Amino acid sequence: MFRVTFLGTGGSIPQAGRSPSAVAVEREGDLMLFDCGEGTQRQMMKYTTGFTVEDIFVTHRHGDHLLGIPGLTQTWTFQGREEPVRIYCPHEAVEHVRDCVELAGHRPPYDVEIKSVGDGTVIDRGGYEIRAFETEHGRVDSVGYTVVEDERKGRFDRERAEELGVPPGPLFSKLHEGEAVELDDGTVVEPDEVVGEPRRGRKFVYTGDTRPTERIAEESRDASLLVHDGMFADDNEERAQKTSHSTAREAAELAREAGVELLALTHVSSRYSDDVSPLKTEAQDVFTDSFVASDGDEVVVEYPEKDRETRVVL
Ligand SMILES: [Zn+2]
Ligand SMILES: [Zn+2]
């Protein structure tokens, strides 16, 4: 299972219906948080993501992306957590994250490793990796993150193998592993005769606060799900530029260019708290497979070749 839960989709300040930025990603049992805005732990309870987070990925030092860290790390202390936690963030944010962890004299009994990341940092998790990439958020040192699975072996064409005279059994596995096999009559069957192209894994991209950039488009190439800053509608385009955020339309243009399957807009400005339809309409005008994320939305990320594409489960 590769499940993405939107815990906080509001921009800058908490709103009655939206918490500040946080997204939980569960990939085959590994639970990660991307940003940790104020109140993230209550959202985790409300939307039942579980508390077994081992990694928190912070995009930048703004409070609406990290003020949930003091509460969450102190709750872990109450709960008697012993497992270490790793917090990744841009270099500039390291001291601020440490302040969050140690707020009000808090000294966690478990290890907290705070690691600085920058454009191109790769964290290998065995079977998948997490990459940091540069974003553009004014003068702030900021990154986005990609979770991408390793390529899987190509499909094995059983029928073709039998036609070529390969007996079902261990020779099938050898071919699938990429080894040529020799049959009793001396014929050699090469793997590429019966194994298709390697298949892409699932890919999730989270930008945090940013202007749309070429670097993001490149990183989002063929993503199953792109979660992009979509703070403003067209009526506030100038404001989006001035504050180094994006309009829904700009995010949709990027998603279309990058060939993503599904775009989720987040960091929604309080201006649209009563009605997100301008964001939705303007994004879908450019890229149909867009939606404005709400707190509690869940997306199950599917393999690219599945008939059923990545879709929102509400
Ligand atoms: Zn923000
Ligand atoms: Zn920000």
# chains A, B, ... in the order shown; residues from 1 in each chain; ligands from 1
>>> select_by_dssp(residues="segment 91-280 of chain A", states="strand (DSSP E)", output="ChimeraX atom specification")
/A:112-117,122-124,128-134,143-149,181-182,188-189,203-206,225-229,262-266
>>> write_last_selection(atoms="N, CA and C atoms", output="short mmCIF file (atom, residue, chain, number, x, y, z; two decimals), in the first residue's frame")
data_model
loop_
_atom_site.label_atom_id
_atom_site.label_comp_id
_atom_site.auth_asym_id
_atom_site.auth_seq_id
_atom_site.Cartn_x
_atom_site.Cartn_y
_atom_site.Cartn_z
N VAL A 112 16.96 11.88 18.49
CA VAL A 112 16.43 12.69 17.40
C VAL A 112 17.62 13.13 16.55
N GLU A 113 17.63 12.66 15.33
CA GLU A 113 18.71 13.02 14.43
C GLU A 113 18.19 14.08 13.49
N ILE A 114 18.82 15.22 13.46
CA ILE A 114 18.39 16.28 12.53
C ILE A 114 19.41 16.36 11.41
N LYS A 115 18.96 16.10 10.20
CA LYS A 115 19.89 16.00 9.08
C LYS A 115 19.61 17.08 8.05
N SER A 116 20.65 17.70 7.59
CA SER A 116 20.46 18.75 6.59
C SER A 116 20.49 18.16 5.18
N VAL A 117 19.58 18.61 4.34
CA VAL A 117 19.51 18.13 2.96
C VAL A 117 19.55 19.32 2.00
N VAL A 122 20.04 12.20 -1.72
CA VAL A 122 19.26 10.98 -1.92
C VAL A 122 19.32 10.15 -0.65
N ILE A 123 18.18 9.73 -0.16
CA ILE A 123 18.12 8.87 1.01
C ILE A 123 17.63 7.52 0.53
N ASP A 124 18.51 6.52 0.58
CA ASP A 124 18.15 5.21 0.06
C ASP A 124 17.45 4.41 1.14
N TYR A 128 13.08 1.76 -2.31
CA TYR A 128 12.65 3.09 -2.74
C TYR A 128 13.64 4.11 -2.21
N GLU A 129 13.55 5.31 -2.75
CA GLU A 129 14.43 6.35 -2.23
C GLU A 129 13.66 7.65 -2.08
N ILE A 130 14.22 8.52 -1.26
CA ILE A 130 13.63 9.85 -1.08
C ILE A 130 14.70 10.84 -1.53
N ARG A 131 14.28 11.75 -2.41
CA ARG A 131 15.24 12.72 -2.94
C ARG A 131 14.78 14.12 -2.57
N ALA A 132 15.73 14.97 -2.24
CA ALA A 132 15.40 16.38 -2.01
C ALA A 132 15.72 17.15 -3.28
N PHE A 133 14.91 18.13 -3.58
CA PHE A 133 15.19 18.98 -4.74
C PHE A 133 14.91 20.43 -4.39
N GLU A 134 15.63 21.32 -5.06
CA GLU A 134 15.53 22.75 -4.78
C GLU A 134 14.18 23.32 -5.22
N VAL A 143 13.33 23.21 0.11
CA VAL A 143 13.40 22.03 -0.76
C VAL A 143 12.04 21.36 -0.84
N GLY A 144 11.87 20.54 -1.88
CA GLY A 144 10.74 19.64 -1.96
C GLY A 144 11.30 18.23 -1.87
N TYR A 145 10.40 17.24 -1.82
CA TYR A 145 10.86 15.85 -1.69
C TYR A 145 10.11 14.94 -2.66
N THR A 146 10.82 13.94 -3.15
CA THR A 146 10.23 12.92 -4.00
C THR A 146 10.40 11.56 -3.33
N VAL A 147 9.35 10.78 -3.30
CA VAL A 147 9.47 9.39 -2.87
C VAL A 147 9.27 8.57 -4.13
N VAL A 148 10.29 7.83 -4.52
CA VAL A 148 10.18 7.07 -5.76
C VAL A 148 10.67 5.64 -5.55
N GLU A 149 9.87 4.71 -6.02
CA GLU A 149 10.23 3.30 -5.87
C GLU A 149 11.20 2.88 -6.96
N VAL A 181 19.24 -18.83 -20.84
CA VAL A 181 19.22 -20.26 -20.49
C VAL A 181 19.42 -21.10 -21.74
N GLU A 182 20.03 -22.28 -21.53
CA GLU A 182 20.24 -23.18 -22.66
C GLU A 182 19.28 -24.37 -22.51
N VAL A 188 19.67 -21.43 -27.23
CA VAL A 188 19.83 -20.47 -26.13
C VAL A 188 18.69 -19.46 -26.20
N VAL A 189 18.00 -19.27 -25.08
CA VAL A 189 16.93 -18.26 -25.01
C VAL A 189 17.45 -17.09 -24.18
N LYS A 203 5.50 6.97 -7.72
CA LYS A 203 6.28 8.18 -7.45
C LYS A 203 5.39 9.28 -6.88
N PHE A 204 5.84 9.82 -5.76
CA PHE A 204 5.10 10.88 -5.06
C PHE A 204 6.02 12.09 -4.96
N VAL A 205 5.51 13.27 -5.31
CA VAL A 205 6.32 14.48 -5.24
C VAL A 205 5.60 15.53 -4.38
N TYR A 206 6.33 16.10 -3.45
CA TYR A 206 5.78 17.11 -2.53
C TYR A 206 6.64 18.36 -2.61
N LEU A 225 1.60 11.06 -8.23
CA LEU A 225 0.89 12.13 -7.50
C LEU A 225 1.86 13.27 -7.24
N LEU A 226 1.46 14.46 -7.65
CA LEU A 226 2.23 15.67 -7.34
C LEU A 226 1.40 16.51 -6.39
N VAL A 227 1.98 16.82 -5.24
CA VAL A 227 1.32 17.73 -4.29
C VAL A 227 2.05 19.06 -4.39
N HIS A 228 1.38 20.06 -4.93
CA HIS A 228 2.04 21.34 -5.26
C HIS A 228 1.34 22.50 -4.56
N ASP A 229 2.14 23.49 -4.19
CA ASP A 229 1.61 24.76 -3.70
C ASP A 229 0.60 25.28 -4.72
N LEU A 262 -1.82 12.69 -11.32
CA LEU A 262 -2.80 13.39 -10.49
C LEU A 262 -2.11 14.54 -9.76
N LEU A 263 -2.76 15.70 -9.77
CA LEU A 263 -2.22 16.88 -9.09
C LEU A 263 -3.11 17.23 -7.91
N ALA A 264 -2.51 17.39 -6.74
CA ALA A 264 -3.24 17.87 -5.57
C ALA A 264 -2.71 19.26 -5.23
N LEU A 265 -3.63 20.21 -5.13
CA LEU A 265 -3.23 21.57 -4.76
C LEU A 265 -3.39 21.71 -3.26
N THR A 266 -2.39 22.34 -2.65
CA THR A 266 -2.47 22.49 -1.20
C THR A 266 -1.95 23.87 -0.79
#
>>> residues_near_ligand(ligand="ligand 1", cutoff="12 Å", atoms="only C-alpha atoms and all ligand atoms", output="NGL selection string")
:A and (8-14 or 19-22 or 35-38 or 58-67 or 137-138 or 140 or 142 or 207-210 or 228-231 or 243-246 or 266-270)
>>> closest_residue(among="A:Gly80, A:Pro278, A:Pro212, A:Gly127", to="Ala251 of chain A", atoms="only C-alpha atoms")
A:Pro212
>>> select_by_dssp(residues="segment 128-314 of chain A", states="helix (DSSP H, G or I)", output="PyMOL selection string")
chain A and resi 158-163+170-176+191-193+214-219+234-242+248-258+270-272+277-286
>>> atom_distance(atom1="atom CA of Glu219 of chain A", atom2="atom CA of Gly50 of chain A")
28.9 Å
>>> closest_atom_pairs(of="segment 35-118 of chain A", to="segment 286-297 of chain A", cutoff="9 Å", atoms="only C-alpha atoms", output="tab-separated table")
residue	atom	partner	partner_atom	distance
A:Gln43	CA	A:Gly296	CA	8.0
A:Lys46	CA	A:Gly296	CA	8.3
A:Tyr47	CA	A:Gly296	CA	6.0
>>> write_last_selection(atoms="N, CA and C atoms", output="mmCIF file, in the first residue's frame")
data_model
loop_
_atom_site.group_PDB
_atom_site.id
_atom_site.type_symbol
_atom_site.label_atom_id
_atom_site.label_comp_id
_atom_site.auth_asym_id
_atom_site.auth_seq_id
_atom_site.Cartn_x
_atom_site.Cartn_y
_atom_site.Cartn_z
ATOM 1 N N GLN A 43 -4.335 15.932 14.009
ATOM 2 C CA GLN A 43 -4.819 15.499 12.695
ATOM 3 C C GLN A 43 -4.477 14.026 12.462
ATOM 4 N N LYS A 46 -7.059 12.168 14.391
ATOM 5 C CA LYS A 46 -8.365 12.295 13.739
ATOM 6 C C LYS A 46 -8.458 11.431 12.489
ATOM 7 N N TYR A 47 -7.398 11.417 11.712
ATOM 8 C CA TYR A 47 -7.439 10.690 10.439
ATOM 9 C C TYR A 47 -6.709 9.343 10.514
#
>>> closest_residue(among="A:Glu237, A:Glu102, A:Glu82, A:Glu92", to="Arg139 of chain A", atoms="only C-alpha atoms")
A:Glu92
>>> residues_around(residues="segment 29-33 of chain A", least_positions_apart="2", cutoff="6 Å", atoms="only C-alpha atoms", output="PyMOL selection string")
chain A and resi 23-27+53+55-56
>>> write_last_selection(atoms="N, CA and C atoms", output="PDB file, in the first residue's frame")
ATOM      1  N   VAL A  23       1.565  16.326   5.516  1.00  0.00           N
ATOM      2  CA  VAL A  23       1.076  15.204   4.717  1.00  0.00           C
ATOM      3  C   VAL A  23       1.714  13.935   5.278  1.00  0.00           C
ATOM      4  N   ALA A  24       0.909  12.905   5.500  1.00  0.00           N
ATOM      5  CA  ALA A  24       1.458  11.623   5.953  1.00  0.00           C
ATOM      6  C   ALA A  24       1.533  10.686   4.754  1.00  0.00           C
ATOM      7  N   VAL A  25       2.653   9.995   4.622  1.00  0.00           N
ATOM      8  CA  VAL A  25       2.795   9.009   3.552  1.00  0.00           C
ATOM      9  C   VAL A  25       3.124   7.665   4.182  1.00  0.00           C
ATOM     10  N   GLU A  26       2.307   6.683   3.877  1.00  0.00           N
ATOM     11  CA  GLU A  26       2.598   5.336   4.356  1.00  0.00           C
ATOM     12  C   GLU A  26       2.919   4.480   3.147  1.00  0.00           C
ATOM     13  N   ARG A  27       4.132   3.940   3.140  1.00  0.00           N
ATOM     14  CA  ARG A  27       4.535   3.099   2.017  1.00  0.00           C
ATOM     15  C   ARG A  27       4.951   1.743   2.567  1.00  0.00           C
ATOM     16  N   VAL A  53       5.754   7.204  13.205  1.00  0.00           N
ATOM     17  CA  VAL A  53       6.574   7.942  12.234  1.00  0.00           C
ATOM     18  C   VAL A  53       8.054   7.797  12.578  1.00  0.00           C
ATOM     19  N   ASP A  55      10.400   9.173  10.174  1.00  0.00           N
ATOM     20  CA  ASP A  55      11.078  10.252   9.448  1.00  0.00           C
ATOM     21  C   ASP A  55      10.128  11.426   9.226  1.00  0.00           C
ATOM     22  N   ILE A  56      10.648  12.615   9.472  1.00  0.00           N
ATOM     23  CA  ILE A  56       9.886  13.834   9.169  1.00  0.00           C
ATOM     24  C   ILE A  56      10.724  14.641   8.179  1.00  0.00           C
TER      25      ILE A  56
END
>>> residues_around(residues="Thr281 of chain A", least_positions_apart="5", cutoff="9 Å", atoms="only C-alpha atoms", output="PyMOL selection string")
chain A and resi 248-249+276+286
>>> write_last_selection(atoms="all heavy atoms", output="mmCIF file, in the first residue's frame")
data_model
loop_
_atom_site.group_PDB
_atom_site.id
_atom_site.type_symbol
_atom_site.label_atom_id
_atom_site.label_comp_id
_atom_site.auth_asym_id
_atom_site.auth_seq_id
_atom_site.Cartn_x
_atom_site.Cartn_y
_atom_site.Cartn_z
ATOM 1 N N ALA A 248 -3.077 28.180 -8.658
ATOM 2 C CA ALA A 248 -3.549 26.840 -9.018
ATOM 3 C C ALA A 248 -3.264 26.579 -10.494
ATOM 4 O O ALA A 248 -2.849 25.490 -10.889
ATOM 5 C CB ALA A 248 -5.040 26.741 -8.727
ATOM 6 N N ARG A 249 -3.476 27.607 -11.316
ATOM 7 C CA ARG A 249 -3.252 27.453 -12.757
ATOM 8 C C ARG A 249 -1.786 27.155 -13.072
ATOM 9 O O ARG A 249 -1.473 26.288 -13.890
ATOM 10 C CB ARG A 249 -3.705 28.729 -13.487
ATOM 11 C CG ARG A 249 -3.616 28.640 -14.997
ATOM 12 C CD ARG A 249 -4.026 29.952 -15.648
ATOM 13 N NE ARG A 249 -5.404 30.325 -15.371
ATOM 14 C CZ ARG A 249 -6.460 29.875 -16.045
ATOM 15 N NH1 ARG A 249 -6.294 29.032 -17.041
ATOM 16 N NH2 ARG A 249 -7.676 30.275 -15.728
ATOM 17 N N VAL A 276 -13.461 27.096 -2.599
ATOM 18 C CA VAL A 276 -12.212 26.819 -3.335
ATOM 19 C C VAL A 276 -12.457 26.682 -4.846
ATOM 20 O O VAL A 276 -11.542 26.346 -5.591
ATOM 21 C CB VAL A 276 -11.490 25.543 -2.828
ATOM 22 C CG1 VAL A 276 -11.033 25.716 -1.393
ATOM 23 C CG2 VAL A 276 -12.349 24.304 -2.994
ATOM 24 N N VAL A 286 -6.747 23.749 -17.158
ATOM 25 C CA VAL A 286 -5.453 23.432 -17.767
ATOM 26 C C VAL A 286 -5.172 21.939 -17.715
ATOM 27 O O VAL A 286 -4.648 21.345 -18.642
ATOM 28 C CB VAL A 286 -4.332 24.179 -16.992
ATOM 29 C CG1 VAL A 286 -2.962 23.788 -17.517
ATOM 30 C CG2 VAL A 286 -4.528 25.679 -17.056
#
>>> closest_residue(among="A:Leu183, A:Ala255, A:Leu175, A:Leu103", to="Thr213 of chain A", atoms="only C-alpha atoms")
A:Ala255
>>> atom_distance(atom1="atom CA of Ala252 of chain A", atom2="atom CA of Val299 of chain A")
17.9 Å
>>> decode(residues="segment 80-106 of chain A", atoms="N, CA, C and O atoms", output="PDB file, in the first residue's frame")
ATOM      1  N   GLY A  80       6.463   7.149  25.952  1.00  0.00           N
ATOM      2  CA  GLY A  80       7.606   6.267  26.221  1.00  0.00           C
ATOM      3  C   GLY A  80       8.314   5.787  24.971  1.00  0.00           C
ATOM      4  O   GLY A  80       8.888   4.705  24.944  1.00  0.00           O
ATOM      5  N   ARG A  81       8.266   6.587  23.941  1.00  0.00           N
ATOM      6  CA  ARG A  81       8.952   6.203  22.706  1.00  0.00           C
ATOM      7  C   ARG A  81      10.423   5.912  22.957  1.00  0.00           C
ATOM      8  O   ARG A  81      11.089   6.642  23.703  1.00  0.00           O
ATOM      9  N   GLU A  82      10.913   4.861  22.316  1.00  0.00           N
ATOM     10  CA  GLU A  82      12.343   4.554  22.418  1.00  0.00           C
ATOM     11  C   GLU A  82      13.020   4.602  21.061  1.00  0.00           C
ATOM     12  O   GLU A  82      14.228   4.804  20.955  1.00  0.00           O
ATOM     13  N   GLU A  83      12.210   4.410  20.009  1.00  0.00           N
ATOM     14  CA  GLU A  83      12.778   4.369  18.656  1.00  0.00           C
ATOM     15  C   GLU A  83      13.273   5.761  18.263  1.00  0.00           C
ATOM     16  O   GLU A  83      12.642   6.765  18.584  1.00  0.00           O
ATOM     17  N   PRO A  84      14.391   5.787  17.550  1.00  0.00           N
ATOM     18  CA  PRO A  84      14.897   7.090  17.095  1.00  0.00           C
ATOM     19  C   PRO A  84      13.979   7.719  16.046  1.00  0.00           C
ATOM     20  O   PRO A  84      13.186   7.020  15.417  1.00  0.00           O
ATOM     21  N   VAL A  85      14.075   9.016  15.896  1.00  0.00           N
ATOM     22  CA  VAL A  85      13.354   9.694  14.820  1.00  0.00           C
ATOM     23  C   VAL A  85      14.354  10.561  14.068  1.00  0.00           C
ATOM     24  O   VAL A  85      15.294  11.109  14.650  1.00  0.00           O
ATOM     25  N   ARG A  86      14.187  10.604  12.760  1.00  0.00           N
ATOM     26  CA  ARG A  86      15.075  11.417  11.936  1.00  0.00           C
ATOM     27  C   ARG A  86      14.267  12.570  11.346  1.00  0.00           C
ATOM     28  O   ARG A  86      13.155  12.362  10.858  1.00  0.00           O
ATOM     29  N   ILE A  87      14.822  13.757  11.458  1.00  0.00           N
ATOM     30  CA  ILE A  87      14.145  14.915  10.868  1.00  0.00           C
ATOM     31  C   ILE A  87      15.073  15.520   9.819  1.00  0.00           C
ATOM     32  O   ILE A  87      16.226  15.855  10.120  1.00  0.00           O
ATOM     33  N   TYR A  88      14.594  15.604   8.603  1.00  0.00           N
ATOM     34  CA  TYR A  88      15.381  16.150   7.495  1.00  0.00           C
ATOM     35  C   TYR A  88      14.884  17.564   7.196  1.00  0.00           C
ATOM     36  O   TYR A  88      13.678  17.815   7.210  1.00  0.00           O
ATOM     37  N   CYS A  89      15.793  18.456   6.887  1.00  0.00           N
ATOM     38  CA  CYS A  89      15.395  19.830   6.548  1.00  0.00           C
ATOM     39  C   CYS A  89      16.562  20.521   5.852  1.00  0.00           C
ATOM     40  O   CYS A  89      17.696  20.061   5.936  1.00  0.00           O
ATOM     41  N   PRO A  90      16.281  21.657   5.195  1.00  0.00           N
ATOM     42  CA  PRO A  90      17.385  22.408   4.583  1.00  0.00           C
ATOM     43  C   PRO A  90      18.334  22.905   5.681  1.00  0.00           C
ATOM     44  O   PRO A  90      17.916  23.090   6.829  1.00  0.00           O
ATOM     45  N   HIS A  91      19.567  23.133   5.302  1.00  0.00           N
ATOM     46  CA  HIS A  91      20.612  23.525   6.255  1.00  0.00           C
ATOM     47  C   HIS A  91      20.170  24.674   7.168  1.00  0.00           C
ATOM     48  O   HIS A  91      20.336  24.626   8.386  1.00  0.00           O
ATOM     49  N   GLU A  92      19.561  25.683   6.541  1.00  0.00           N
ATOM     50  CA  GLU A  92      19.167  26.885   7.276  1.00  0.00           C
ATOM     51  C   GLU A  92      18.155  26.586   8.397  1.00  0.00           C
ATOM     52  O   GLU A  92      18.030  27.348   9.351  1.00  0.00           O
ATOM     53  N   ALA A  93      17.414  25.473   8.249  1.00  0.00           N
ATOM     54  CA  ALA A  93      16.338  25.184   9.207  1.00  0.00           C
ATOM     55  C   ALA A  93      16.798  24.313  10.380  1.00  0.00           C
ATOM     56  O   ALA A  93      16.060  24.163  11.363  1.00  0.00           O
ATOM     57  N   VAL A  94      18.026  23.785  10.298  1.00  0.00           N
ATOM     58  CA  VAL A  94      18.465  22.797  11.298  1.00  0.00           C
ATOM     59  C   VAL A  94      18.314  23.317  12.737  1.00  0.00           C
ATOM     60  O   VAL A  94      17.725  22.667  13.597  1.00  0.00           O
ATOM     61  N   GLU A  95      18.827  24.531  12.991  1.00  0.00           N
ATOM     62  CA  GLU A  95      18.767  25.067  14.354  1.00  0.00           C
ATOM     63  C   GLU A  95      17.323  25.315  14.799  1.00  0.00           C
ATOM     64  O   GLU A  95      16.985  25.123  15.965  1.00  0.00           O
ATOM     65  N   HIS A  96      16.488  25.731  13.862  1.00  0.00           N
ATOM     66  CA  HIS A  96      15.075  26.001  14.204  1.00  0.00           C
ATOM     67  C   HIS A  96      14.357  24.702  14.550  1.00  0.00           C
ATOM     68  O   HIS A  96      13.526  24.659  15.454  1.00  0.00           O
ATOM     69  N   VAL A  97      14.687  23.653  13.817  1.00  0.00           N
ATOM     70  CA  VAL A  97      14.070  22.350  14.103  1.00  0.00           C
ATOM     71  C   VAL A  97      14.532  21.875  15.478  1.00  0.00           C
ATOM     72  O   VAL A  97      13.742  21.388  16.288  1.00  0.00           O
ATOM     73  N   ARG A  98      15.811  22.089  15.765  1.00  0.00           N
ATOM     74  CA  ARG A  98      16.326  21.687  17.084  1.00  0.00           C
ATOM     75  C   ARG A  98      15.596  22.464  18.188  1.00  0.00           C
ATOM     76  O   ARG A  98      15.185  21.900  19.202  1.00  0.00           O
ATOM     77  N   ASP A  99      15.394  23.763  17.967  1.00  0.00           N
ATOM     78  CA  ASP A  99      14.644  24.571  18.950  1.00  0.00           C
ATOM     79  C   ASP A  99      13.251  23.979  19.162  1.00  0.00           C
ATOM     80  O   ASP A  99      12.734  23.960  20.273  1.00  0.00           O
ATOM     81  N   CYS A 100      12.614  23.543  18.075  1.00  0.00           N
ATOM     82  CA  CYS A 100      11.263  22.972  18.174  1.00  0.00           C
ATOM     83  C   CYS A 100      11.273  21.715  19.040  1.00  0.00           C
ATOM     84  O   CYS A 100      10.409  21.518  19.894  1.00  0.00           O
ATOM     85  N   VAL A 101      12.274  20.870  18.823  1.00  0.00           N
ATOM     86  CA  VAL A 101      12.348  19.600  19.566  1.00  0.00           C
ATOM     87  C   VAL A 101      12.609  19.867  21.047  1.00  0.00           C
ATOM     88  O   VAL A 101      12.082  19.189  21.928  1.00  0.00           O
ATOM     89  N   GLU A 102      13.431  20.906  21.316  1.00  0.00           N
ATOM     90  CA  GLU A 102      13.854  21.132  22.696  1.00  0.00           C
ATOM     91  C   GLU A 102      13.056  22.235  23.376  1.00  0.00           C
ATOM     92  O   GLU A 102      13.430  22.726  24.449  1.00  0.00           O
ATOM     93  N   LEU A 103      11.945  22.611  22.786  1.00  0.00           N
ATOM     94  CA  LEU A 103      11.139  23.717  23.314  1.00  0.00           C
ATOM     95  C   LEU A 103      10.697  23.438  24.750  1.00  0.00           C
ATOM     96  O   LEU A 103      10.328  22.322  25.094  1.00  0.00           O
ATOM     97  N   ALA A 104      10.730  24.473  25.572  1.00  0.00           N
ATOM     98  CA  ALA A 104      10.294  24.403  26.971  1.00  0.00           C
ATOM     99  C   ALA A 104      11.097  23.360  27.754  1.00  0.00           C
ATOM    100  O   ALA A 104      10.575  22.661  28.621  1.00  0.00           O
ATOM    101  N   GLY A 105      12.377  23.264  27.429  1.00  0.00           N
ATOM    102  CA  GLY A 105      13.259  22.366  28.184  1.00  0.00           C
ATOM    103  C   GLY A 105      13.047  20.893  27.898  1.00  0.00           C
ATOM    104  O   GLY A 105      13.504  20.035  28.660  1.00  0.00           O
ATOM    105  N   HIS A 106      12.377  20.584  26.808  1.00  0.00           N
ATOM    106  CA  HIS A 106      12.114  19.186  26.470  1.00  0.00           C
ATOM    107  C   HIS A 106      13.408  18.476  26.080  1.00  0.00           C
ATOM    108  O   HIS A 106      14.123  18.933  25.205  1.00  0.00           O
TER     109      HIS A 106
END
